$ cat data.txt   # compact mmCIF, C-alpha atoms
# COMPACT_ATOMS: atom_id res chain seq x y z
CA MET A 609 -14.98 15.84 -15.13
CA TYR A 610 -12.60 15.80 -12.20
CA ARG A 611 -14.96 17.95 -10.14
CA VAL A 612 -17.92 15.71 -10.97
CA PHE A 613 -15.87 12.73 -9.85
CA LEU A 614 -14.90 14.32 -6.54
CA VAL A 615 -18.49 15.25 -5.81
CA ALA A 616 -19.59 11.70 -6.62
CA VAL A 617 -17.01 10.29 -4.20
CA LEU A 618 -18.15 12.60 -1.41
CA VAL A 619 -21.83 11.90 -2.00
CA LEU A 620 -21.34 8.14 -2.08
CA LEU A 621 -19.19 8.16 1.02
CA GLY A 622 -21.73 10.32 2.80
CA THR A 623 -24.45 7.75 2.19
CA SER A 624 -22.39 4.71 3.15
CA PRO A 625 -23.45 2.80 6.26
CA ALA A 626 -21.76 4.28 9.29
CA VAL A 627 -19.78 1.58 11.04
CA ALA A 628 -17.09 3.97 12.16
CA HIS A 629 -14.67 2.22 14.45
CA HIS A 630 -11.58 4.36 14.27
CA GLY A 631 -10.59 7.57 15.99
CA TRP A 632 -11.94 10.72 14.39
CA SER A 633 -15.32 11.81 15.63
CA GLY A 634 -16.72 8.29 16.08
CA TYR A 635 -16.27 8.40 19.85
CA ASP A 636 -17.37 11.14 22.20
CA ALA A 637 -14.14 12.25 23.87
CA SER A 638 -16.04 14.74 26.03
CA ARG A 639 -17.80 11.90 27.85
CA GLU A 640 -15.17 9.76 29.56
CA LEU A 641 -16.64 6.67 31.19
CA THR A 642 -15.19 4.21 33.67
CA LEU A 643 -16.70 0.74 33.49
CA THR A 644 -16.05 -2.19 35.77
CA GLY A 645 -17.35 -5.65 35.02
CA THR A 646 -16.67 -9.19 33.98
CA ILE A 647 -15.19 -10.16 30.63
CA ARG A 648 -17.65 -12.51 28.91
CA GLU A 649 -15.87 -12.88 25.60
CA ALA A 650 -12.55 -11.67 24.28
CA GLY A 651 -11.20 -11.13 20.78
CA TYR A 652 -7.42 -10.78 20.66
CA GLU A 653 -7.69 -9.88 16.99
CA HIS A 654 -6.60 -7.50 14.26
CA PRO A 655 -7.17 -4.72 13.50
CA HIS A 656 -7.99 -4.19 17.19
CA GLY A 657 -8.90 -6.42 20.05
CA SER A 658 -12.14 -6.19 21.98
CA VAL A 659 -13.97 -7.66 24.94
CA ARG A 660 -17.62 -8.09 25.81
CA LEU A 661 -17.76 -6.59 29.30
CA GLN A 662 -20.73 -7.29 31.53
CA THR A 663 -21.31 -4.45 34.00
CA ALA A 664 -24.04 -4.03 36.61
CA ASP A 665 -26.49 -2.46 34.17
CA LYS A 666 -25.52 -3.72 30.71
CA THR A 667 -23.03 -5.54 28.51
CA TRP A 668 -20.62 -3.35 26.57
CA ILE A 669 -18.48 -4.08 23.58
CA VAL A 670 -15.17 -2.53 24.57
CA VAL A 671 -12.74 -1.85 21.72
CA LEU A 672 -9.12 -2.29 22.74
CA ALA A 673 -5.86 -1.88 20.79
CA PRO A 674 -4.19 -3.94 18.04
CA PRO A 675 -3.03 -7.27 19.56
CA SER A 676 0.59 -6.55 18.67
CA ARG A 677 0.48 -3.37 20.77
CA MET A 678 -1.29 -5.10 23.67
CA GLU A 679 1.29 -7.88 23.70
CA ASN A 680 4.11 -5.36 23.50
CA ARG A 681 2.72 -3.60 26.58
CA GLY A 682 2.33 -6.80 28.51
CA LEU A 683 -1.41 -7.35 28.10
CA ARG A 684 -1.31 -10.97 26.98
CA ARG A 685 -4.11 -12.92 25.36
CA GLU A 686 -4.75 -15.08 28.43
CA MET A 687 -5.18 -12.02 30.68
CA LEU A 688 -8.45 -11.31 28.87
CA ALA A 689 -9.91 -14.75 29.58
CA PRO A 690 -13.69 -14.87 30.08
CA GLY A 691 -14.62 -14.53 33.75
CA THR A 692 -11.83 -12.01 34.45
CA GLN A 693 -12.73 -8.77 36.26
CA ALA A 694 -11.68 -5.67 34.34
CA THR A 695 -11.98 -1.90 34.61
CA VAL A 696 -11.78 0.21 31.49
CA VAL A 697 -11.68 3.96 30.96
CA GLY A 698 -12.76 5.22 27.58
CA TYR A 699 -15.14 7.05 25.30
CA PRO A 700 -18.55 5.83 24.15
CA ASN A 701 -19.39 5.47 20.46
CA ARG A 702 -21.61 8.31 19.30
CA THR A 703 -23.95 6.04 17.35
CA ASP A 704 -23.65 2.61 18.99
CA PRO A 705 -24.76 2.99 22.64
CA ASP A 706 -23.19 -0.36 23.57
CA GLU A 707 -19.69 0.34 22.29
CA LEU A 708 -16.84 2.00 24.12
CA ARG A 709 -13.29 2.64 22.90
CA ALA A 710 -10.98 2.06 25.83
CA GLU A 711 -8.04 4.34 26.54
CA ARG A 712 -6.75 2.00 29.23
CA ILE A 713 -7.68 -1.25 30.88
CA THR A 714 -6.94 -2.46 34.40
CA ILE A 715 -6.83 -6.16 35.17
CA SER A 716 -5.75 -7.50 38.60
CA GLY A 717 -4.21 -4.17 39.53
CA LYS A 718 -2.18 -3.86 36.31
CA THR A 719 -3.12 -0.95 34.06
CA THR A 720 -2.29 -1.05 30.35
CA GLU A 721 -2.42 2.09 28.24
CA LEU A 722 -4.01 1.29 24.90
CA ARG A 723 -3.37 4.48 22.88
CA MET B 1294 -16.59 -10.05 18.88
CA HIS B 1295 -19.33 -8.94 16.51
CA PRO B 1296 -20.31 -12.38 15.17
CA PRO B 1297 -20.18 -12.22 11.37
CA SER B 1298 -23.55 -11.62 9.78
CA GLY B 1299 -24.29 -10.95 6.14
CA PRO B 1300 -24.35 -12.85 2.86
CA ALA B 1301 -23.42 -16.52 3.24
CA TRP B 1302 -20.38 -16.21 0.95
CA ALA B 1303 -19.01 -13.35 3.08
CA VAL B 1304 -19.57 -15.23 6.34
CA TRP B 1305 -17.82 -18.25 4.79
CA LEU B 1306 -14.84 -16.13 3.73
CA GLU B 1307 -14.63 -14.42 7.11
CA THR B 1308 -14.65 -17.70 9.03
CA SER B 1309 -12.15 -19.42 6.70
CA ALA B 1310 -8.70 -20.41 7.97
CA PRO B 1311 -6.77 -17.59 6.19
CA ALA B 1312 -9.22 -14.99 7.52
CA VAL B 1313 -8.88 -16.28 11.08
CA ALA B 1314 -5.09 -16.30 10.72
CA MET B 1315 -5.21 -12.70 9.48
CA ARG B 1316 -7.06 -11.61 12.61
CA GLN B 1317 -5.23 -13.76 15.14
CA TRP B 1318 -1.59 -14.13 14.07
CA LEU B 1319 0.25 -11.27 15.64
CA TRP B 1320 2.35 -10.14 12.67
CA LEU B 1321 0.46 -11.43 9.63
CA TYR B 1322 -2.01 -8.55 9.36
CA PRO B 1323 0.59 -5.76 9.47
CA SER B 1324 2.84 -7.73 7.07
CA ILE B 1325 0.01 -8.02 4.58
CA GLU B 1326 -0.83 -4.33 4.99
CA ILE B 1327 2.80 -3.44 4.26
CA THR B 1328 2.77 -5.70 1.18
CA HIS B 1329 -0.40 -3.98 -0.04
CA ILE B 1330 1.11 -0.53 0.47
CA VAL B 1331 4.41 -1.38 -1.25
CA GLY B 1332 2.42 -2.87 -4.12
CA PHE B 1333 0.16 0.11 -4.68
CA VAL B 1334 3.01 2.58 -4.27
CA VAL B 1335 4.65 0.92 -7.30
CA LEU B 1336 1.36 0.50 -9.18
CA VAL B 1337 -0.04 3.98 -8.65
CA GLY B 1338 3.38 5.65 -8.68
CA SER B 1339 4.18 4.15 -12.08
CA ALA B 1340 0.75 5.09 -13.39
CA PHE B 1341 1.11 8.70 -12.17
CA MET B 1342 4.55 9.12 -13.73
CA PHE B 1343 3.21 7.84 -17.03
CA ASP B 1344 0.08 10.01 -16.76
CA LEU B 1345 2.15 13.13 -16.14
CA ARG B 1346 4.10 12.39 -19.31
CA LEU B 1347 0.80 12.12 -21.21
CA LEU B 1348 -0.15 15.50 -19.76
CA GLY B 1349 2.95 17.06 -21.30
CA LEU B 1350 5.70 16.90 -18.68
CA SER B 1351 9.19 15.70 -19.67
CA ARG B 1352 8.34 15.65 -23.37
CA ALA B 1353 11.87 14.64 -24.29
CA LEU B 1354 11.18 11.16 -22.91
CA PRO B 1355 9.54 8.85 -25.48
CA VAL B 1356 6.06 7.81 -24.36
CA SER B 1357 6.61 4.31 -25.78
CA ALA B 1358 9.79 3.81 -23.72
CA MET B 1359 8.08 5.06 -20.57
CA ALA B 1360 5.19 2.67 -21.21
CA THR B 1361 7.58 -0.26 -21.61
CA HIS B 1362 9.37 0.54 -18.37
CA LEU B 1363 6.67 1.93 -16.06
CA LEU B 1364 3.61 -0.03 -17.10
CA ARG B 1365 5.47 -3.32 -16.74
CA TRP B 1366 6.13 -2.48 -13.10
CA ALA B 1367 2.56 -1.35 -12.63
CA ARG B 1368 1.35 -4.74 -13.88
CA LEU B 1369 3.87 -6.70 -11.79
CA ALA B 1370 2.80 -4.74 -8.71
CA LEU B 1371 -0.64 -6.31 -9.06
CA LEU B 1372 0.99 -9.56 -7.90
CA LEU B 1373 1.56 -7.87 -4.53
CA VAL B 1374 -1.59 -5.76 -4.40
CA VAL B 1375 -4.27 -8.27 -5.35
CA PRO B 1376 -3.43 -11.24 -3.07
CA SER B 1377 -2.80 -8.95 -0.08
CA GLY B 1378 -6.03 -7.09 -0.80
CA VAL B 1379 -7.98 -10.34 -1.02
CA LEU B 1380 -6.58 -11.46 2.36
CA MET B 1381 -7.52 -8.17 4.02
CA PHE B 1382 -10.98 -8.39 2.49
CA MET B 1383 -11.40 -11.94 3.80
CA ALA B 1384 -10.51 -10.86 7.34
CA HIS B 1385 -13.49 -8.45 7.33
CA ALA B 1386 -15.60 -9.86 4.52
CA THR B 1387 -19.05 -9.13 5.97
CA GLU B 1388 -18.15 -5.62 7.07
CA PHE B 1389 -16.39 -4.70 3.82
CA ALA B 1390 -19.04 -6.25 1.58
CA ALA B 1391 -21.60 -3.93 3.18
CA SER B 1392 -19.33 -0.88 3.13
CA GLY B 1393 -20.13 1.89 0.67
CA ALA B 1394 -16.47 2.92 0.65
CA PHE B 1395 -15.44 -0.60 -0.36
CA GLN B 1396 -18.07 -0.90 -3.09
CA LEU B 1397 -17.03 2.46 -4.47
CA LYS B 1398 -13.38 1.40 -4.31
CA LEU B 1399 -14.06 -1.70 -6.40
CA ALA B 1400 -16.06 0.35 -8.90
CA LEU B 1401 -13.23 2.89 -9.21
CA ILE B 1402 -10.65 0.11 -9.71
CA GLY B 1403 -12.88 -1.26 -12.48
CA LEU B 1404 -13.08 2.17 -14.09
CA ALA B 1405 -9.29 2.64 -13.80
CA PHE B 1406 -8.71 -0.66 -15.64
CA LEU B 1407 -11.36 0.22 -18.23
CA ASN B 1408 -9.67 3.59 -18.75
CA ALA B 1409 -6.28 1.91 -19.21
CA GLY B 1410 -7.78 -0.62 -21.61
CA ILE B 1411 -9.38 2.07 -23.75
CA PHE B 1412 -6.14 4.06 -23.74
CA HIS B 1413 -4.16 1.07 -25.02
CA ARG B 1414 -6.69 0.18 -27.71
CA TRP B 1415 -7.20 3.74 -28.93
CA PRO B 1416 -4.76 6.69 -28.57
CA PHE B 1417 -1.77 4.53 -27.63
CA ARG B 1418 -2.07 2.53 -30.89
CA ALA B 1419 -0.74 5.56 -32.74
CA VAL B 1420 1.88 6.51 -30.14
CA GLY B 1421 4.50 6.61 -32.92
CA ASP B 1422 2.87 9.84 -34.15
CA TRP B 1423 3.33 11.68 -30.83
CA ASP B 1424 6.09 9.76 -29.08
CA THR B 1425 8.43 12.69 -28.28
CA GLU B 1426 8.31 16.49 -28.07
CA LEU B 1427 4.66 16.68 -29.16
CA THR B 1428 1.43 17.28 -27.27
CA ALA B 1429 -0.36 13.99 -26.77
CA PRO B 1430 -3.75 13.75 -28.50
CA ARG B 1431 -6.73 14.83 -26.43
CA PRO B 1432 -7.99 11.24 -25.74
CA ALA B 1433 -4.57 10.36 -24.32
CA ARG B 1434 -4.55 13.46 -22.10
CA ILE B 1435 -8.07 12.72 -20.89
CA ALA B 1436 -6.97 9.16 -20.10
CA GLY B 1437 -4.08 10.59 -18.07
CA VAL B 1438 -6.35 12.90 -16.04
CA LEU B 1439 -8.88 10.12 -15.47
CA SER B 1440 -6.16 7.73 -14.37
CA ILE B 1441 -4.82 10.15 -11.76
CA ALA B 1442 -8.30 11.01 -10.48
CA LEU B 1443 -9.45 7.38 -10.35
CA TRP B 1444 -6.37 6.12 -8.50
CA ILE B 1445 -6.62 8.96 -5.97
CA GLY B 1446 -10.23 7.90 -5.50
CA VAL B 1447 -9.21 4.26 -5.02
CA ILE B 1448 -6.62 5.18 -2.37
CA THR B 1449 -9.08 7.51 -0.65
CA CYS B 1450 -11.74 4.80 -0.45
CA GLY B 1451 -9.21 2.26 0.76
CA ARG B 1452 -8.10 4.51 3.59
CA LEU B 1453 -11.62 5.59 4.49
CA LEU B 1454 -12.64 1.94 4.84
CA ALA B 1455 -11.23 2.12 8.34
CA TYR B 1456 -13.30 5.18 9.22
CA PHE B 1457 -16.76 4.45 7.76

$ encode --input "data.txt" --output "structure tokens"
Amino acid sequence: MYRVFLVAVLVLLGTSPAVAHHGWSGYDASRELTLTGTIREAGYEHPHGSVRLQTADKTWIVVLAPPSRMENRGLRREMLAPGTQATVVGYPNRTDPDELRAERITISGKTTELR
Amino acid sequence: MHPPSGPAWAVWLETSAPAVAMRQWLWLYPSIEITHIVGFVVLVGSAFMFDLRLLGLSRALPVSAMATHLLRWARLALLLVVPSGVLMFMAHATEFAASGAFQLKLALIGLAFLNAGIFHRWPFRAVGDWDTELTAPRPARIAGVLSIALWIGVITCGRLLAYF
């Protein structure tokens, strides 16, 4: 019974829609990217903040850190205002080609570590 | 950032004032997470301790007395677990509603309650016959194993929500 249950859990989880947004293998750590662009939209929100970053060739969704951590490290809400230039270093999502999880973000010469 | 899309009821929940507060107030989200964790520690912890007794550990302790003590706390813990869980669901309603892990979690919670209900209406009715020093009847032991397995499944799904 217990074994049947465990197998059922694994099977059902395996078939669930993949919207992985946490660490683990969701992001390709072997492919570090540096993007520079203009913030078009910012979400200073739980469980993690994000910005829509327009670069020369496309617009990325850049996943940042929890807002409490960003605030603690001096990256305030208003620093992510639309129109701001930003550079991020991070890893692209393996399945969503427009998403990047940022390790750090640089705005007006100030770099904030996000991990 | 990802504009909410999905069933109308989920979009409505996700754009409601409590959901926005959950995402935007700096300390609300972690506070609610902590409340949820404290609640399910008491709920699942109490259930496990009772289940282990059904499985034959600490037979000197009367099952009826353990039920009175532990299961009361398990029920009271729902007052912490359910509202905090609803708030966290609201903050991500469209994403969670579509998540296999979340659907499975709800199904497992339903089965855990069903299991408890059957236990109380069936083997537990005659607890006086096996209250101390005796092996619990097979249906009671099965209920204990199911309870442990189901709650582990619930916690697993809850945690994996963040990863799938």

$ interface_residues --input "data.txt" --of "chain B" --to "chain A" --cutoff "6 Å" --atoms "only C-alpha atoms" --output "number ranges by chain"
B: 1294, 1316-1317, 1319, 1393-1394, 1456-1457

$ residues_around --input "data.txt" --residues "Thr663 (chain A)" --least-positions-apart "3" --cutoff "10 Å" --atoms "all atoms listed in the file" --output "ChimeraX atom specification"
/A:643-647,660,666-668,693-695

$ atom_distance --input "data.txt" --atom1 "CA of Leu1371 (chain B)" --atom2 "CA of Leu1336 (chain B)"
7.1 Å

$ closest_residue --input "data.txt" --among "B:Ser1377, B:Asn1408, B:Ser1298, B:Thr1387" --to "Trp1444 (chain B)" --atoms "all atoms listed in the file"
B:Asn1408

$ closest_residue --input "data.txt" --among "B:Val1334, B:Val1304, B:Ala1442, B:Val1447" --to "Leu1373 (chain B)" --atoms "only C-alpha atoms"
B:Val1334

$ atom_distance --input "data.txt" --atom1 "CA of Leu1348 (chain B)" --atom2 "CA of Ile1402 (chain B)"
21.2 Å

$ closest_residue --input "data.txt" --among "B:Phe1341, B:Phe1333, B:Phe1389, B:Trp1320" --to "Arg1368 (chain B)" --atoms "only C-alpha atoms"
B:Phe1333

$ closest_residue --input "data.txt" --among "A:Thr692, A:Gln662, A:Asn701, A:Thr720" --to "Arg639 (chain A)" --atoms "only C-alpha atoms"
A:Asn701

$ atom_distance --input "data.txt" --atom1 "CA of Val1337 (chain B)" --atom2 "CA of Leu1321 (chain B)"
23.9 Å

$ closest_residue --input "data.txt" --among "B:His1413, B:Lys1398, B:Arg1418, B:Arg1346" --to "Gly1378 (chain B)" --atoms "only C-alpha atoms"
B:Lys1398
